[in-house]
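For reference, data-v1.tsv is printed below; it contains TSV, C-alpha atoms.
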chain	number	residue	atom	x	y	z
F	1	MET	CA	54.17	3.94	11.25
F	2	ASN	CA	50.50	4.93	11.11
F	3	THR	CA	50.02	8.01	8.88
F	4	GLN	CA	46.22	7.87	8.82
F	5	THR	CA	44.80	11.15	10.17
F	6	THR	CA	41.10	10.29	10.18
F	7	PRO	CA	39.37	7.00	10.93
F	8	SER	CA	38.06	4.98	7.99
F	9	PRO	CA	34.28	4.52	7.80
F	10	GLN	CA	32.91	1.37	9.36
F	11	PHE	CA	30.41	-0.60	7.27
F	12	TYR	CA	27.63	-2.79	8.64
F	13	LEU	CA	25.20	-5.30	7.15
F	14	THR	CA	21.50	-5.37	7.96
F	15	ALA	CA	19.54	-8.53	8.67
F	16	PRO	CA	17.36	-9.90	5.83
F	17	ALA	CA	13.98	-8.18	5.43
F	18	VAL	CA	11.08	-8.40	2.97
F	19	CYS	CA	11.86	-6.54	-0.25
F	20	PRO	CA	9.47	-3.59	-0.78
F	21	TYR	CA	9.84	-3.70	-4.57
F	22	LEU	CA	9.85	-7.33	-5.74
F	23	PRO	CA	7.43	-9.94	-4.37
F	24	GLY	CA	9.00	-13.03	-2.87
F	25	GLU	CA	12.42	-11.44	-2.50
F	26	MET	CA	14.42	-10.58	0.63
F	27	GLU	CA	16.70	-7.57	0.91
F	28	ARG	CA	19.86	-6.74	2.82
F	29	LYS	CA	21.77	-3.48	2.91
F	30	VAL	CA	25.29	-2.43	3.72
F	31	PHE	CA	25.52	0.94	5.43
F	32	THR	CA	27.78	3.41	7.16
F	33	HIS	CA	27.40	6.68	9.07
F	34	LEU	CA	27.95	10.05	7.40
F	35	VAL	CA	29.25	12.22	10.23
F	36	GLY	CA	32.18	14.49	10.93
F	37	PRO	CA	34.14	16.97	8.81
F	38	ARG	CA	34.58	14.50	5.92
F	39	ALA	CA	30.88	13.67	5.62
F	40	ALA	CA	30.32	15.67	2.42
F	41	GLU	CA	33.40	14.20	0.74
F	42	MET	CA	32.38	10.70	1.81
F	43	ASN	CA	28.82	11.24	0.60
F	44	ASP	CA	30.14	12.22	-2.84
F	45	LEU	CA	32.37	9.14	-3.07
F	46	LEU	CA	29.73	6.74	-1.81
F	47	THR	CA	26.98	8.16	-4.04
F	48	GLN	CA	29.30	7.80	-7.03
F	49	GLY	CA	29.78	4.20	-5.87
F	50	GLY	CA	26.06	3.40	-5.79
F	51	PHE	CA	25.09	4.38	-2.24
F	52	ARG	CA	22.08	6.49	-1.24
F	53	ARG	CA	21.74	8.82	1.72
F	54	SER	CA	19.00	8.65	4.36
F	55	GLN	CA	19.57	11.13	7.19
F	56	ASN	CA	23.15	10.50	8.36
F	57	ILE	CA	23.28	7.00	6.88
F	58	ALA	CA	24.67	5.98	3.49
F	59	TYR	CA	23.44	2.59	2.27
F	60	ARG	CA	23.29	0.34	-0.76
F	61	PRO	CA	21.66	-3.03	-1.49
F	62	ALA	CA	23.69	-6.11	-0.59
F	63	CYS	CA	21.21	-8.85	-1.47
F	64	GLU	CA	22.68	-12.33	-1.76
F	65	ALA	CA	20.71	-13.63	-4.76
F	66	CYS	CA	19.39	-10.51	-6.49
F	67	ARG	CA	20.98	-7.64	-8.42
F	68	ALA	CA	17.79	-5.91	-9.56
F	69	CYS	CA	18.58	-2.55	-7.91
F	70	VAL	CA	20.70	-0.44	-10.24
F	71	SER	CA	21.96	3.08	-9.48
F	72	VAL	CA	21.09	5.56	-12.22
F	73	ARG	CA	22.22	9.09	-12.99
F	74	ILE	CA	21.12	11.44	-15.77
F	75	LEU	CA	23.74	13.06	-18.00
F	76	ALA	CA	22.40	16.58	-17.55
F	77	GLY	CA	24.51	18.28	-20.21
F	78	GLU	CA	23.29	15.96	-22.97
F	79	PHE	CA	19.66	15.69	-21.87
F	80	GLU	CA	16.93	16.57	-24.35
F	81	PRO	CA	13.30	16.53	-23.12
F	82	THR	CA	10.77	14.41	-24.95
F	83	ARG	CA	7.49	15.80	-26.28
F	84	SER	CA	5.61	14.76	-23.16
F	85	MET	CA	8.26	16.29	-20.92
F	86	LYS	CA	7.97	19.59	-22.79
F	87	ARG	CA	4.24	19.49	-22.13
F	88	VAL	CA	4.93	18.98	-18.42
F	89	MET	CA	7.24	21.99	-18.37
F	90	SER	CA	4.60	24.08	-20.10
F	91	ALA	CA	1.86	22.95	-17.71
F	92	ASN	CA	3.99	24.11	-14.76
F	93	ARG	CA	5.25	27.42	-16.12
F	94	ASP	CA	3.25	29.18	-13.39
F	95	LEU	CA	5.37	27.59	-10.63
F	96	ILE	CA	8.13	29.39	-8.77
F	97	ALA	CA	10.91	27.36	-7.16
F	98	THR	CA	13.05	28.55	-4.27
F	99	VAL	CA	16.05	26.90	-2.64
F	100	GLN	CA	15.78	26.79	1.15
F	101	PRO	CA	18.06	25.57	3.97
F	102	ALA	CA	17.39	22.04	5.24
F	103	GLN	CA	14.90	23.25	7.84
F	104	PRO	CA	11.42	21.70	8.12
F	105	SER	CA	8.19	23.69	8.34
F	106	THR	CA	4.62	22.86	9.33
F	107	GLU	CA	3.55	23.73	5.78
F	108	GLN	CA	5.96	21.17	4.34
F	109	PHE	CA	4.88	18.50	6.80
F	110	ALA	CA	1.18	19.02	5.98
F	111	LEU	CA	2.02	18.49	2.30
F	112	PHE	CA	4.22	15.50	3.14
F	113	ARG	CA	1.41	13.84	5.13
F	114	ARG	CA	-1.08	14.46	2.35
F	115	TYR	CA	1.29	12.83	-0.12
F	116	LEU	CA	1.92	9.77	2.07
F	117	ASP	CA	-1.77	9.30	2.87
F	118	ASP	CA	-2.64	9.32	-0.83
F	119	ARG	CA	0.31	7.50	-2.40
F	120	HIS	CA	1.97	5.38	0.31
F	121	GLN	CA	-0.68	4.38	2.83
F	122	HIS	CA	0.98	1.04	3.53
F	123	GLY	CA	4.62	1.97	2.94
F	124	GLY	CA	7.42	2.07	5.46
F	125	MET	CA	7.01	5.84	5.91
F	126	SER	CA	3.23	5.83	6.34
F	127	ASP	CA	3.25	6.50	10.10
F	128	MET	CA	5.88	9.26	10.12
F	129	SER	CA	5.20	12.08	12.58
F	130	ALA	CA	6.20	15.74	12.43
F	131	LEU	CA	9.27	14.86	14.49
F	132	ASP	CA	10.17	12.05	12.07
F	133	TYR	CA	9.87	14.47	9.17
F	134	ALA	CA	12.04	17.03	10.94
F	135	ILE	CA	14.73	14.40	11.53
F	136	MET	CA	14.58	13.31	7.87
F	137	VAL	CA	15.27	16.90	6.78
F	138	GLU	CA	17.66	18.14	9.47
F	139	ASP	CA	19.75	15.06	10.25
F	140	THR	CA	22.38	15.71	7.61
F	141	HIS	CA	26.09	16.44	7.76
F	142	VAL	CA	26.34	17.21	4.03
F	143	ASN	CA	25.27	20.12	1.81
F	144	THR	CA	21.51	19.52	1.71
F	145	ARG	CA	18.80	21.87	0.52
F	146	LEU	CA	15.02	21.92	0.24
F	147	ILE	CA	13.55	23.16	-3.03
F	148	GLU	CA	9.99	24.43	-2.63
F	149	TYR	CA	7.62	24.75	-5.57
F	150	ARG	CA	4.71	27.16	-5.31
F	151	ILE	CA	1.95	28.34	-7.61
F	152	ARG	CA	2.79	31.94	-8.33
F	153	GLU	CA	0.10	34.30	-7.14
F	154	PRO	CA	-0.93	37.02	-9.64
F	155	GLY	CA	0.77	40.30	-8.79
F	156	SER	CA	3.07	38.75	-6.17
F	157	GLY	CA	6.18	39.86	-8.04
F	158	LEU	CA	9.61	38.92	-6.74
F	159	SER	CA	10.16	38.68	-3.01
F	160	LYS	CA	12.58	37.02	-0.62
F	161	GLN	CA	9.72	34.89	0.68
F	162	PRO	CA	7.59	33.81	-2.30
F	163	GLN	CA	3.86	33.64	-1.76
F	164	GLY	CA	1.48	31.06	-3.17
F	165	GLU	CA	0.34	27.54	-2.47
F	166	LEU	CA	3.13	25.06	-1.75
F	167	ILE	CA	2.48	22.05	-3.98
F	168	ALA	CA	5.82	20.20	-4.17
F	169	VAL	CA	9.10	19.84	-2.28
F	170	ALA	CA	12.42	18.17	-3.10
F	171	LEU	CA	15.09	17.27	-0.54
F	172	THR	CA	18.34	17.48	-2.49
F	173	ASP	CA	22.04	16.96	-1.80
F	174	MET	CA	24.39	19.38	-3.56
F	175	MET	CA	27.39	17.29	-4.62
F	176	SER	CA	30.66	18.05	-6.36
F	177	ASP	CA	29.55	16.30	-9.56
F	178	GLY	CA	25.78	16.78	-9.50
F	179	LEU	CA	22.52	16.90	-7.62
F	180	SER	CA	21.22	13.89	-5.72
F	181	MET	CA	17.44	13.76	-5.28
F	182	VAL	CA	17.10	12.26	-1.82
F	183	TYR	CA	13.30	12.49	-1.54
F	184	SER	CA	10.48	14.46	-3.14
F	185	PHE	CA	6.75	14.78	-2.56
F	186	PHE	CA	3.83	16.76	-3.92
F	187	ASN	CA	0.12	17.49	-3.65
F	188	PRO	CA	-1.74	14.55	-5.27
F	189	LYS	CA	-4.59	16.92	-6.14
F	190	TYR	CA	-2.45	18.25	-8.97
F	191	GLU	CA	-1.93	14.89	-10.64
F	192	LYS	CA	-2.36	16.37	-14.13
F	193	ARG	CA	0.69	18.55	-13.60
F	194	SER	CA	2.98	15.46	-13.36
F	195	LEU	CA	4.89	17.15	-10.55
F	196	GLY	CA	7.25	14.22	-10.05
F	197	THR	CA	8.41	14.55	-13.64
F	198	PHE	CA	8.58	18.33	-13.35
F	199	MET	CA	10.87	18.22	-10.32
F	200	ILE	CA	13.31	15.91	-12.10
F	201	LEU	CA	13.32	18.18	-15.15
F	202	ASP	CA	13.90	21.18	-12.90
F	203	HIS	CA	16.85	19.43	-11.25
F	204	ILE	CA	18.33	18.66	-14.68
F	205	ASN	CA	18.10	22.34	-15.60
F	206	ARG	CA	19.63	23.34	-12.26
F	207	ALA	CA	22.54	20.94	-12.69
F	208	ARG	CA	23.23	22.33	-16.16
F	209	SER	CA	23.13	25.92	-14.93
F	210	LEU	CA	25.60	25.01	-12.17
F	211	GLY	CA	27.91	23.23	-14.61
F	212	LEU	CA	27.33	19.89	-12.89
F	213	PRO	CA	27.24	16.77	-15.10
F	214	HIS	CA	24.83	14.50	-13.19
F	215	VAL	CA	21.45	14.20	-11.53
F	216	TYR	CA	21.33	11.11	-9.31
F	217	LEU	CA	17.90	9.41	-9.17
F	218	GLY	CA	18.69	6.56	-6.80
F	219	TYR	CA	17.82	3.01	-7.78
F	220	TRP	CA	16.02	1.68	-10.80
F	221	VAL	CA	14.65	-1.73	-9.85
F	222	LYS	CA	14.34	-4.07	-12.80
F	223	GLY	CA	10.96	-5.80	-12.70
F	224	SER	CA	9.30	-3.12	-10.53
F	225	PRO	CA	6.73	-1.16	-12.58
F	226	LYS	CA	6.75	1.81	-10.20
F	227	MET	CA	10.45	2.33	-10.93
F	228	ASP	CA	10.16	2.23	-14.73
F	229	TYR	CA	9.81	6.01	-14.96
F	230	LYS	CA	13.50	6.46	-14.18
F	231	THR	CA	14.55	5.00	-17.53
F	232	ARG	CA	12.73	7.79	-19.39
F	233	TYR	CA	15.42	10.37	-18.64
F	234	GLN	CA	18.03	9.91	-21.32
F	235	PRO	CA	20.91	9.79	-21.79
F	236	GLN	CA	21.69	8.23	-18.48
F	237	GLU	CA	24.29	5.97	-16.93
F	238	GLN	CA	23.71	2.89	-14.81
F	239	LEU	CA	26.24	1.53	-12.33
F	240	MET	CA	27.19	-1.96	-13.42
F	241	ALA	CA	29.91	-4.39	-12.34
F	242	ARG	CA	32.52	-2.60	-14.49
F	243	GLY	CA	31.45	0.89	-13.45
F	244	TRP	CA	29.08	3.51	-14.85
F	245	GLU	CA	27.79	2.50	-18.28
F	246	ARG	CA	25.56	4.36	-20.69
F	247	SER	CA	22.15	2.68	-20.83
F	248	LEU	CA	19.84	2.04	-23.76
F	249	PRO	CA	16.84	4.40	-24.00
F	250	PRO	CA	13.27	3.08	-23.65
F	251	THR	CA	11.25	2.40	-26.79
F	252	THR	CA	8.19	4.53	-25.86
F	253	ASP	CA	7.48	8.08	-24.77
F	254	SER	CA	4.51	8.12	-22.39
F	255	ASP	CA	3.19	10.64	-19.90
F	256	ASP	CA	3.19	10.01	-16.13
Please, can you express the file's structure as structure tokens?
Amino acid sequence: MNTQTTPSPQFYLTAPAVCPYLPGEMERKVFTHLVGPRAAEMNDLLTQGGFRRSQNIAYRPACEACRACVSVRILAGEFEPTRSMKRVMSANRDLIATVQPAQPSTEQFALFRRYLDDRHQHGGMSDMSALDYAIMVEDTHVNTRLIEYRIREPGSGLSKQPQGELIAVALTDMMSDGLSMVYSFFNPKYEKRSLGTFMILDHINRARSLGLPHVYLGYWVKGSPKMDYKTRYQPQEQLMARGWERSLPPTTDSDD
């Protein structure tokens, strides 16, 4: 007798492709679709199992000869900012953050393009159009939000629609056990603000205020210098063969 009320997710394997993080390596991914009434529940379970979400797809590395990609999550309740992180928070005390529905805007896309053109000219997202950006934001069947960060204008006060220059945006999934930072971008002109660091710190504070234990940062790739920043947020757990394990903190405290 078949008692199953909903179909199980179907998983697929991609063909080998050049790894974007480690030279000389090839990558493969296993993926499934996040659709239907159980999408949010499935996204929670898969994220806790090392998957990441991109639009309505959940994926994780499935490379044959490499295990460099490691899922990491910050233990928000135990987190203590370092001296440099406190300086970042102070440098951005004039910012106001608002949580918005997962709906794209022309203002966001202009900032997104500026970020890509400065930081990822030759990356896989470098030729994304306004339509591509809209799909990235809207194509979700889970509880997704956009968090906008603006420079507070003097005398603007509190309003339902904050005024001020938009300088950073985070696309975030609201999960049962934490916040998952799907993608974030910012105005490169404000490099001294360390906006990437600030957004992570803001998400840690948000998770704590919501009583959620984790902030998911995606993959730390051992041997990839551009991923080293993820190890700075301690304490954190890394998903290993036996499950989530507390990692060792880095030996230095450096600014972005």
- [ ] Could you tell me which of F:Glu138, F:Glu64, F:Glu148, F:Asp44 comes closest to F:Met26 if we count only C-alpha atoms?
- [x] F:Glu64
Open item on the list: Residues near stretch 192-195 of chain F, anyone? I mean within 12 Å using only C-alpha atoms, not counting same-chain ones fewer than 3 positions away, as a PyMOL selection string.
Closed with: chain F and resi 84-95+115+148-151+166-170+184-189+198-202+229+254-256
- [ ] Record the distance separating atom CA of F:Phe51 and atom CA of F:Arg232, expressed in Å with one decimal.
- [x]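 These two atoms are separated by 21.4 Å.
Atom pair atom CA of F:Thr82 / atom CA of F:Tyr233 has a distance of 8.8 Å (rounded to one decimal).
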TODO: Kindly indicate which residue among F:Gly49, F:Pro16, F:Pro81, F:His33 lies nearest to F:Ala62, using all atoms listed in the file for the distances.
DONE: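 Between F:Gly49, F:Pro16, F:Pro81, F:His33, the residue approaching F:Ala62 most closely is F:Pro16.
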Open item on the list: Please determine, counting all atoms listed in the file, which residue among F:Leu45, F:Ala15, F:Leu239, F:Val221 has the shortest atom-to-atom distance to F:Ser176.
Closed with: F:Leu45
Open item on the list: Just checking: using only C-alpha atoms, which residue out of F:Asn205, F:Asn143, F:Ser180, F:Ser54 ends up closest to F:Glu41?
Closed with: F:Asn143
Task: For atom CA of F:Thr172 and atom CA of F:Pro37, the interatomic separation in Å (one decimal) - done: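 If I compute the distance from atom CA of F:Thr172 to atom CA of F:Pro37, I get 19.4 Å.
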Open item on the list: Between F:Ala97, F:Gln163, F:Ala58, F:Asn43, which residue has the minimum interatomic distance to F:Arg206, considering all atoms listed in the file?
Closed with: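 The shortest atom-to-atom distance to F:Arg206 comes from F:Ala97.
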Open item on the list: At a cut-off of 12 Å, using all atoms listed in the file, what residues contact F:Ala76? Leave out same-chain residues fewer than 4 positions from it and give the result as a PyMOL selection string.
Closed with: chain F and resi 80-81+177-179+200-217+233-237
